[in-house]
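Listing of start-v7.txt, compact mmCIF, C-alpha atoms
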```txt
# COMPACT_ATOMS: atom_id res chain seq x y z
CA LEU A 1 -20.96 68.59 44.74
CA ALA A 2 -19.52 70.75 47.50
CA THR A 3 -22.58 70.34 49.75
CA GLY A 4 -24.49 67.26 50.76
CA PRO A 5 -25.97 64.96 51.57
CA PHE A 6 -24.03 63.04 48.97
CA SER A 7 -22.75 59.49 48.98
CA PHE A 8 -20.37 57.30 47.02
CA SER A 9 -22.61 54.76 45.33
CA GLY A 10 -20.48 53.25 42.57
CA LYS A 11 -18.07 54.94 40.19
CA TYR A 12 -19.53 58.37 40.98
CA VAL A 13 -20.59 60.45 43.94
CA GLY A 14 -24.32 61.15 44.10
CA SER A 15 -27.27 61.80 46.37
CA PHE A 16 -27.77 59.55 49.38
CA VAL A 17 -31.33 59.03 48.11
CA GLY A 18 -31.97 57.29 44.78
CA LEU A 19 -35.14 57.04 42.71
CA GLY A 20 -36.43 53.46 42.69
CA ALA A 21 -37.26 51.34 39.66
CA MET A 22 -41.06 51.52 39.75
CA PRO A 23 -42.49 52.70 36.39
CA SER A 24 -45.25 54.63 38.16
CA ILE A 25 -42.56 56.82 39.75
CA GLY A 26 -39.67 56.88 37.27
CA GLY A 27 -41.52 56.14 34.06
CA SER A 28 -41.37 59.65 32.59
CA VAL A 29 -38.72 61.85 31.03
CA LEU A 30 -39.24 64.71 33.47
CA ALA A 31 -39.10 62.47 36.55
CA LEU A 32 -35.81 60.90 35.50
CA GLU A 33 -34.34 64.19 34.30
CA THR A 34 -35.19 65.91 37.58
CA ALA A 35 -33.72 63.08 39.63
CA ALA A 36 -30.51 63.06 37.60
CA LYS A 37 -30.06 66.81 38.07
CA MET A 38 -30.33 66.22 41.81
CA TYR A 39 -27.55 63.60 41.43
CA MET A 40 -30.00 60.84 42.36
CA THR A 41 -29.62 57.41 40.81
CA ALA A 42 -32.51 57.46 38.34
CA HIS A 43 -33.63 53.99 37.31
CA VAL A 44 -35.14 53.52 33.86
CA PRO A 45 -37.71 50.76 34.62
CA GLU A 46 -37.94 47.50 32.71
CA VAL A 47 -41.35 46.25 33.82
CA GLY A 48 -44.88 46.98 32.68
CA TYR A 49 -44.98 49.26 29.63
CA PHE A 50 -41.18 49.34 29.60
CA SER A 51 -40.76 45.57 29.42
CA ASP A 52 -40.65 46.33 25.70
CA ILE A 53 -36.94 46.99 25.19
CA THR A 54 -37.49 49.59 22.49
CA LYS A 55 -39.76 51.62 24.80
CA GLN A 56 -37.29 51.47 27.68
CA ALA A 57 -34.41 52.49 25.40
CA ALA A 58 -36.51 55.31 23.94
CA LEU A 59 -37.20 56.67 27.42
CA ALA A 60 -33.52 56.54 28.33
CA LYS A 61 -32.52 58.25 25.09
CA ALA A 62 -35.11 61.00 25.54
CA VAL A 63 -33.80 61.76 29.03
CA LEU A 64 -30.15 61.74 28.01
CA GLU A 65 -30.86 64.08 25.11
CA ARG A 66 -32.29 66.62 27.56
CA LEU A 67 -29.15 66.45 29.70
CA ASN A 68 -27.06 68.72 27.47
CA GLU A 69 -24.97 71.87 27.55
CA ASN A 70 -27.94 74.11 26.79
CA ASP A 71 -29.53 73.40 30.15
CA PRO A 72 -30.23 76.62 32.11
CA LEU A 73 -28.55 75.15 35.20
CA LEU A 74 -25.26 75.19 33.30
CA ALA A 75 -25.48 78.79 32.13
CA GLY A 76 -22.49 80.91 33.11
CA ARG A 77 -20.32 77.97 34.14
CA ASP A 78 -16.94 77.30 32.57
CA GLN A 79 -16.54 74.33 30.23
CA SER A 80 -14.79 72.08 32.74
CA GLU A 81 -17.60 72.53 35.25
CA LYS A 82 -20.23 71.90 32.57
CA ASP A 83 -18.47 68.71 31.52
CA PHE A 84 -18.21 67.56 35.13
CA MET A 85 -21.90 68.14 35.88
CA LEU A 86 -23.11 66.60 32.63
CA LYS A 87 -20.99 63.51 33.17
CA HIS A 88 -22.49 63.02 36.62
CA TRP A 89 -26.05 63.74 35.51
CA ARG A 90 -25.81 61.25 32.68
CA SER A 91 -24.20 58.59 34.87
CA CYS A 92 -27.27 58.75 37.13
CA ILE A 93 -29.49 57.40 34.34
CA THR A 94 -29.45 53.68 35.15
CA GLY A 95 -30.96 51.02 32.92
CA VAL A 96 -32.68 48.25 34.84
CA LEU A 97 -32.01 44.73 33.54
CA GLU A 98 -33.43 41.27 34.17
CA VAL A 99 -31.39 38.66 36.04
CA ASN A 100 -31.60 36.23 33.11
CA SER A 101 -28.31 36.75 31.29
CA LYS A 102 -29.65 36.39 27.75
CA LYS A 103 -32.44 38.91 28.35
CA ALA A 104 -30.18 41.24 30.31
CA LEU A 105 -27.48 41.43 27.64
CA LYS A 106 -30.05 42.03 24.92
CA ARG A 107 -31.61 44.85 26.93
CA ALA A 108 -28.21 46.30 27.87
CA GLU A 109 -27.22 46.45 24.20
CA LYS A 110 -30.22 48.62 23.31
CA LEU A 111 -29.73 50.83 26.35
CA ALA A 112 -26.04 51.29 25.56
CA GLU A 113 -26.97 52.33 22.03
CA ALA A 114 -29.20 54.98 23.61
CA GLY A 115 -26.23 56.27 25.62
CA VAL A 116 -26.74 54.52 28.96
CA THR A 117 -23.52 53.73 30.87
CA SER A 118 -25.01 52.54 34.19
CA PHE A 119 -26.94 49.32 34.74
CA ARG A 120 -28.80 47.63 37.56
CA ILE A 121 -29.44 43.87 37.56
CA TYR A 122 -32.81 43.55 39.27
CA GLY A 123 -34.75 40.46 40.37
CA HIS A 124 -36.57 39.29 43.48
CA THR A 125 -36.16 35.53 43.11
CA HIS A 126 -32.69 35.06 41.67
CA GLY A 127 -30.05 32.66 42.91
CA GLY A 128 -26.54 32.24 41.59
CA ASP A 129 -27.69 33.23 38.11
CA ILE A 130 -27.14 36.89 38.97
CA LEU A 131 -23.41 36.15 39.13
CA THR A 132 -23.44 34.76 35.59
CA THR A 133 -25.23 37.85 34.33
CA LEU A 134 -22.89 40.15 36.26
CA ARG A 135 -19.78 38.42 34.90
CA LEU A 136 -21.01 38.57 31.29
CA LEU A 137 -22.20 42.17 31.63
CA ARG A 138 -18.85 43.26 33.06
CA LYS A 139 -17.02 41.52 30.23
CA GLU A 140 -19.20 43.23 27.60
CA TYR A 141 -19.15 46.67 29.27
CA PRO A 142 -15.88 46.95 31.24
CA ASP A 143 -16.30 50.66 31.97
CA ALA A 144 -19.99 50.57 32.92
CA ASN A 145 -21.25 51.37 36.40
CA ILE A 146 -23.01 48.14 37.46
CA ASN A 147 -25.24 47.50 40.47
CA ALA A 148 -26.30 43.99 41.48
CA SER A 149 -29.52 44.25 43.47
CA GLN A 150 -31.85 42.54 45.90
CA ILE A 151 -28.94 40.78 47.61
CA SER A 152 -29.82 39.12 50.89
CA SER A 153 -26.74 37.21 52.09
CA ILE A 154 -23.12 37.90 52.98
CA GLU A 155 -21.90 35.23 50.57
CA MET A 156 -23.81 36.65 47.61
CA ALA A 157 -22.73 40.20 48.40
CA LEU A 158 -19.06 39.24 48.46
CA ALA A 159 -19.45 37.16 45.30
CA CYS A 160 -21.00 40.12 43.47
CA GLU A 161 -18.01 42.25 44.45
CA TYR A 162 -15.65 39.53 43.20
CA TYR A 163 -17.39 39.34 39.82
CA GLY A 164 -17.14 43.07 39.23
CA SER A 165 -20.17 44.83 40.66
CA ASP A 166 -19.49 48.50 41.48
CA SER A 167 -22.16 48.47 44.18
CA ILE A 168 -24.92 46.24 45.48
CA THR A 169 -28.45 46.86 46.70
CA ALA A 170 -29.72 44.83 49.63
CA GLY A 171 -33.21 43.63 50.20
CA VAL A 172 -36.65 43.57 48.69
CA GLY A 173 -38.41 46.84 47.91
CA GLY A 174 -40.87 47.86 50.59
CA GLY A 175 -42.80 50.87 51.82
CA GLY A 176 -45.22 52.95 49.80
CA ALA A 177 -44.98 51.14 46.46
CA CYS A 178 -44.42 47.55 47.61
CA LEU A 179 -45.63 45.62 50.64
CA THR A 180 -43.05 42.82 50.42
CA GLY A 181 -40.85 44.35 53.07
CA GLN A 182 -43.73 44.88 55.50
CA ARG A 183 -45.03 41.36 55.05
CA SER A 184 -41.65 39.70 55.45
CA ASP A 185 -40.14 42.11 57.99
CA TYR A 186 -37.26 42.68 55.59
CA LEU A 187 -36.01 46.04 56.87
CA PRO A 188 -34.51 44.54 60.03
CA GLU A 189 -32.91 41.83 57.88
CA ASN A 190 -31.35 44.47 55.63
CA ALA A 191 -29.94 46.26 58.66
CA VAL A 192 -28.45 43.05 60.03
CA LEU A 193 -26.89 42.23 56.65
CA ALA A 194 -25.34 45.71 56.39
CA TRP A 195 -23.91 45.47 59.88
CA LYS A 196 -22.39 42.04 59.24
CA LEU A 197 -20.79 43.28 56.00
CA ARG A 198 -18.93 46.12 57.73
CA GLY A 199 -15.22 45.56 57.19
CA LEU A 200 -15.84 42.78 54.66
CA LEU A 201 -17.40 44.49 51.65
CA GLY A 202 -15.21 46.85 49.65
CA ILE A 203 -17.95 48.40 47.49
CA PRO A 204 -20.94 50.60 48.41
CA LEU A 205 -24.02 48.89 49.85
CA LEU A 206 -27.38 50.49 49.07
CA CYS A 207 -30.70 49.78 50.75
CA GLU A 208 -34.29 49.14 49.74
CA GLY A 209 -36.99 47.50 51.81
CA GLY A 210 -38.02 50.63 53.72
CA GLY A 211 -34.53 52.08 54.23
CA ILE A 212 -35.62 55.45 52.86
CA ASP A 213 -38.09 55.72 55.74
CA ASN A 214 -35.27 55.21 58.24
CA PRO A 215 -32.29 57.10 56.73
CA VAL A 216 -30.48 57.70 60.02
CA ASN A 217 -30.63 54.01 60.92
CA ALA A 218 -29.53 53.14 57.39
CA ILE A 219 -26.44 55.31 57.78
CA LEU A 220 -25.64 53.96 61.23
CA VAL A 221 -25.62 50.32 60.14
CA GLY A 222 -23.42 51.05 57.13
CA PHE A 223 -25.54 51.73 54.04
CA SER A 224 -24.09 54.14 51.49
CA GLY A 225 -27.50 55.13 50.13
CA VAL A 226 -31.20 54.30 49.98
CA ASN A 227 -33.63 53.90 47.09
CA GLY A 228 -37.27 54.89 47.24
CA SER A 229 -40.30 54.88 44.96
CA GLY A 230 -43.58 55.26 46.82
CA SER A 231 -41.94 57.33 49.55
CA ILE A 232 -40.77 59.80 46.93
CA GLY A 233 -43.68 59.94 44.52
CA GLY A 234 -46.52 59.02 46.84
CA GLY A 235 -47.63 55.41 47.22
CA THR A 236 -50.25 53.12 48.63
```

I need this file expressed as C-alpha cells, please.
Amino acid sequence: LATGPFSFSGKYVGSFVGLGAMPSIGGSVLALETAAKMYMTAHVPEVGYFSDITKQAALAKAVLERLNENDPLLAGRDQSEKDFMLKHWRSCITGVLEVNSKKALKRAEKLAEAGVTSFRIYGHTHGGDILTTLRLLRKEYPDANINASQISSIEMALACEYYGSDSITAGVGGGGACLTGQRSDYLPENAVLAWKLRGLLGIPLLCEGGGIDNPVNAILVGFSGVNGSGSIGGGT
C-alpha cells in the first residue's frame, strides 16, 4: 500500500476506484478476485441471478477461498506482510444487501457464514428505512465494515454516520451500465452534496452517478472514492 492512488473508504485503505454492484460486471469469481487483489471494493451483487441468497453466498465463499496464503502474489513475503495483504483483500469483498431490514439481515447472515465482513446497503428508492436496517445491522455485526448507499441529502448522510455507517455512497448509479444519472442529471447533484458535506461528515463519502468518469472533479469536491460498473467492464 506504499503507492497509490489509494483512499480511505471505511475501516480499511483501498483503491480510489471500486467495482460497482452490477452482476454483469462483478458476477464472477475471477472478476471479484482480481478487483480485491487491486484493493478495489468488490461488490458481490444481490440482483438478478444472485437475488437467490444461496447463490450470492456461494459466489462470495468461492472468491474468499481463492484469497489465501498460496496465492503467487504472496510468494516470498514474510508472514506479517501476507497476513496484512490477505486481510485487506478479503475486506474488499462486500456483500450487497437490500434496504428492507428483514431481507437484509437474512442475506447478511448467509454472507457472514461464507466469510464476508463488509456489507453495502443498496436501494434506489429508500427513505428512512435505511436507518433502521443500518442500526440493526450494526448491532448484529459490530465489527463489520458497513456502507450505506444511494444517499442524496445532507440530513440522511449525517444520520447514517450517527447510526454507525463506516462510509456512505452518494447518488444513483449512472454511466455505462445505468442511464439514471444521465436522465436525472444526478452527477452535478452528487458534486453539490459532497461539497456541502465538507466539514460536516466524519466518514468517507463515495460517489456513483458518473463520478468514475470525472475522477478529478470527484476528488476536488470531496469524494473519497468512486464506484464504476459499465465504465470498468464496458457498458451500453

Which residue, A:Val44, A:Ala191, A:Ser80, A:Leu59, has the smallest gap to Val216 of chain A when you use only C-alpha atoms?
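Once distances to Val216 of chain A are computed over only C-alpha atoms, the minimum belongs to A:Ala191.
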
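Neighbouring residues of Tyr12 of chain A at 10 Å or closer, counting all atoms listed in the file and skipping chain neighbours under 5 positions away, are Ser7, Tyr39, Lys87, His88, Ser91, Cys92, Asn145 and Asp166 of chain A.
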
Quick one: everything within 7 Å of Gly18 of chain A, counting all atoms listed in the file, minus sequence neighbours fewer than 2 positions away in the same chain. Send it as a PDB file with C-alpha atoms, in the frame of the given file.
```pdb
ATOM      1  CA  SER A  15     -27.270  61.800  46.370  1.00  0.00           C
ATOM      2  CA  PHE A  16     -27.770  59.550  49.380  1.00  0.00           C
ATOM      3  CA  GLY A  20     -36.430  53.460  42.690  1.00  0.00           C
ATOM      4  CA  MET A  40     -30.000  60.840  42.360  1.00  0.00           C
ATOM      5  CA  THR A  41     -29.620  57.410  40.810  1.00  0.00           C
ATOM      6  CA  ALA A  42     -32.510  57.460  38.340  1.00  0.00           C
ATOM      7  CA  VAL A 226     -31.200  54.300  49.980  1.00  0.00           C
ATOM      8  CA  ASN A 227     -33.630  53.900  47.090  1.00  0.00           C
ATOM      9  CA  GLY A 228     -37.270  54.890  47.240  1.00  0.00           C
TER      10      GLY A 228
END
```

Exercise: Gly171 of chain A partners within 6 Å, all atoms listed in the file, chain neighbours under 4 positions left out, as a PyMOL selection string
chain A and resi 150-152+190+208-209

Pick the closest to Thr117 of chain A from A:Leu73, A:Ala157, A:Ala144, A:Ala194: which is it, counting all atoms listed in the file?
A:Ala144

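Interatomic distance, atom CA of Glu46 of chain A to atom CA of Glu161 of chain A: 23.7 Å.
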
Missing atoms of segment 153-164 of chain A rebuilt to all heavy atoms, written as a JSON list (two decimals), in the frame of the given file:
```
[["chain", "number", "residue", "atom", "x", "y", "z"],
["A", 153, "SER", "N", -27.66, 38.01, 51.29],
["A", 153, "SER", "CA", -26.74, 37.21, 52.09],
["A", 153, "SER", "C", -25.32, 37.74, 51.96],
["A", 153, "SER", "O", -24.96, 38.39, 50.97],
["A", 153, "SER", "CB", -26.76, 35.74, 51.65],
["A", 153, "SER", "OG", -26.13, 35.57, 50.38],
["A", 154, "ILE", "N", -24.52, 37.47, 52.98],
["A", 154, "ILE", "CA", -23.12, 37.90, 52.98],
["A", 154, "ILE", "C", -22.38, 37.25, 51.81],
["A", 154, "ILE", "O", -21.62, 37.91, 51.10],
["A", 154, "ILE", "CB", -22.45, 37.51, 54.31],
["A", 154, "ILE", "CG1", -23.07, 38.30, 55.47],
["A", 154, "ILE", "CG2", -20.94, 37.77, 54.24],
["A", 154, "ILE", "CD1", -22.55, 37.88, 56.83],
["A", 155, "GLU", "N", -22.62, 35.97, 51.61],
["A", 155, "GLU", "CA", -21.90, 35.23, 50.57],
["A", 155, "GLU", "C", -22.18, 35.80, 49.18],
["A", 155, "GLU", "O", -21.27, 35.98, 48.38],
["A", 155, "GLU", "CB", -22.30, 33.75, 50.61],
["A", 155, "GLU", "CG", -21.87, 33.02, 51.87],
["A", 155, "GLU", "CD", -22.72, 33.32, 53.09],
["A", 155, "GLU", "OE1", -23.82, 33.87, 52.92],
["A", 155, "GLU", "OE2", -22.26, 33.02, 54.21],
["A", 156, "MET", "N", -23.45, 36.11, 48.91],
["A", 156, "MET", "CA", -23.81, 36.65, 47.61],
["A", 156, "MET", "C", -23.27, 38.06, 47.43],
["A", 156, "MET", "O", -22.82, 38.43, 46.34],
["A", 156, "MET", "CB", -25.32, 36.63, 47.42],
["A", 156, "MET", "CG", -25.76, 37.00, 46.01],
["A", 156, "MET", "SD", -25.13, 35.86, 44.74],
["A", 156, "MET", "CE", -26.09, 34.39, 45.10],
["A", 157, "ALA", "N", -23.27, 38.84, 48.48],
["A", 157, "ALA", "CA", -22.73, 40.20, 48.40],
["A", 157, "ALA", "C", -21.25, 40.18, 48.05],
["A", 157, "ALA", "O", -20.79, 40.92, 47.16],
["A", 157, "ALA", "CB", -22.94, 40.93, 49.73],
["A", 158, "LEU", "N", -20.50, 39.33, 48.71],
["A", 158, "LEU", "CA", -19.06, 39.24, 48.46],
["A", 158, "LEU", "C", -18.78, 38.66, 47.07],
["A", 158, "LEU", "O", -17.82, 39.07, 46.40],
["A", 158, "LEU", "CB", -18.39, 38.40, 49.54],
["A", 158, "LEU", "CG", -18.47, 38.97, 50.96],
["A", 158, "LEU", "CD1", -17.81, 38.02, 51.95],
["A", 158, "LEU", "CD2", -17.82, 40.34, 51.03],
["A", 159, "ALA", "N", -19.62, 37.74, 46.63],
["A", 159, "ALA", "CA", -19.45, 37.16, 45.30],
["A", 159, "ALA", "C", -19.71, 38.21, 44.22],
["A", 159, "ALA", "O", -19.01, 38.25, 43.20],
["A", 159, "ALA", "CB", -20.39, 35.97, 45.12],
["A", 160, "CYS", "N", -20.70, 39.06, 44.44],
["A", 160, "CYS", "CA", -21.00, 40.12, 43.47],
["A", 160, "CYS", "C", -19.82, 41.09, 43.36],
["A", 160, "CYS", "O", -19.47, 41.54, 42.26],
["A", 160, "CYS", "CB", -22.25, 40.87, 43.89],
["A", 160, "CYS", "SG", -23.79, 39.97, 43.59],
["A", 161, "GLU", "N", -19.20, 41.39, 44.48],
["A", 161, "GLU", "CA", -18.01, 42.25, 44.45],
["A", 161, "GLU", "C", -16.90, 41.56, 43.65],
["A", 161, "GLU", "O", -16.22, 42.19, 42.82],
["A", 161, "GLU", "CB", -17.53, 42.55, 45.86],
["A", 161, "GLU", "CG", -16.28, 43.42, 45.88],
["A", 161, "GLU", "CD", -15.77, 43.71, 47.29],
["A", 161, "GLU", "OE1", -16.22, 43.04, 48.25],
["A", 161, "GLU", "OE2", -14.92, 44.61, 47.43],
["A", 162, "TYR", "N", -16.71, 40.29, 43.88],
["A", 162, "TYR", "CA", -15.65, 39.53, 43.20],
["A", 162, "TYR", "C", -15.85, 39.53, 41.69],
["A", 162, "TYR", "O", -14.90, 39.63, 40.92],
["A", 162, "TYR", "CB", -15.64, 38.10, 43.73],
["A", 162, "TYR", "CG", -14.61, 37.21, 43.07],
["A", 162, "TYR", "CD1", -13.27, 37.24, 43.46],
["A", 162, "TYR", "CD2", -14.99, 36.34, 42.03],
["A", 162, "TYR", "CE1", -12.33, 36.42, 42.84],
["A", 162, "TYR", "CE2", -14.05, 35.53, 41.42],
["A", 162, "TYR", "CZ", -12.72, 35.58, 41.82],
["A", 162, "TYR", "OH", -11.80, 34.78, 41.18],
["A", 163, "TYR", "N", -17.10, 39.41, 41.26],
["A", 163, "TYR", "CA", -17.39, 39.34, 39.82],
["A", 163, "TYR", "C", -17.55, 40.70, 39.16],
["A", 163, "TYR", "O", -17.92, 40.78, 38.00],
["A", 163, "TYR", "CB", -18.62, 38.48, 39.58],
["A", 163, "TYR", "CG", -18.32, 37.00, 39.65],
["A", 163, "TYR", "CD1", -18.71, 36.24, 40.76],
["A", 163, "TYR", "CD2", -17.63, 36.36, 38.63],
["A", 163, "TYR", "CE1", -18.42, 34.89, 40.84],
["A", 163, "TYR", "CE2", -17.33, 35.00, 38.70],
["A", 163, "TYR", "CZ", -17.73, 34.27, 39.80],
["A", 163, "TYR", "OH", -17.44, 32.93, 39.88],
["A", 164, "GLY", "N", -17.26, 41.77, 39.88],
["A", 164, "GLY", "CA", -17.14, 43.07, 39.23],
["A", 164, "GLY", "C", -18.23, 44.08, 39.44],
["A", 164, "GLY", "O", -18.28, 45.09, 38.75]]
```
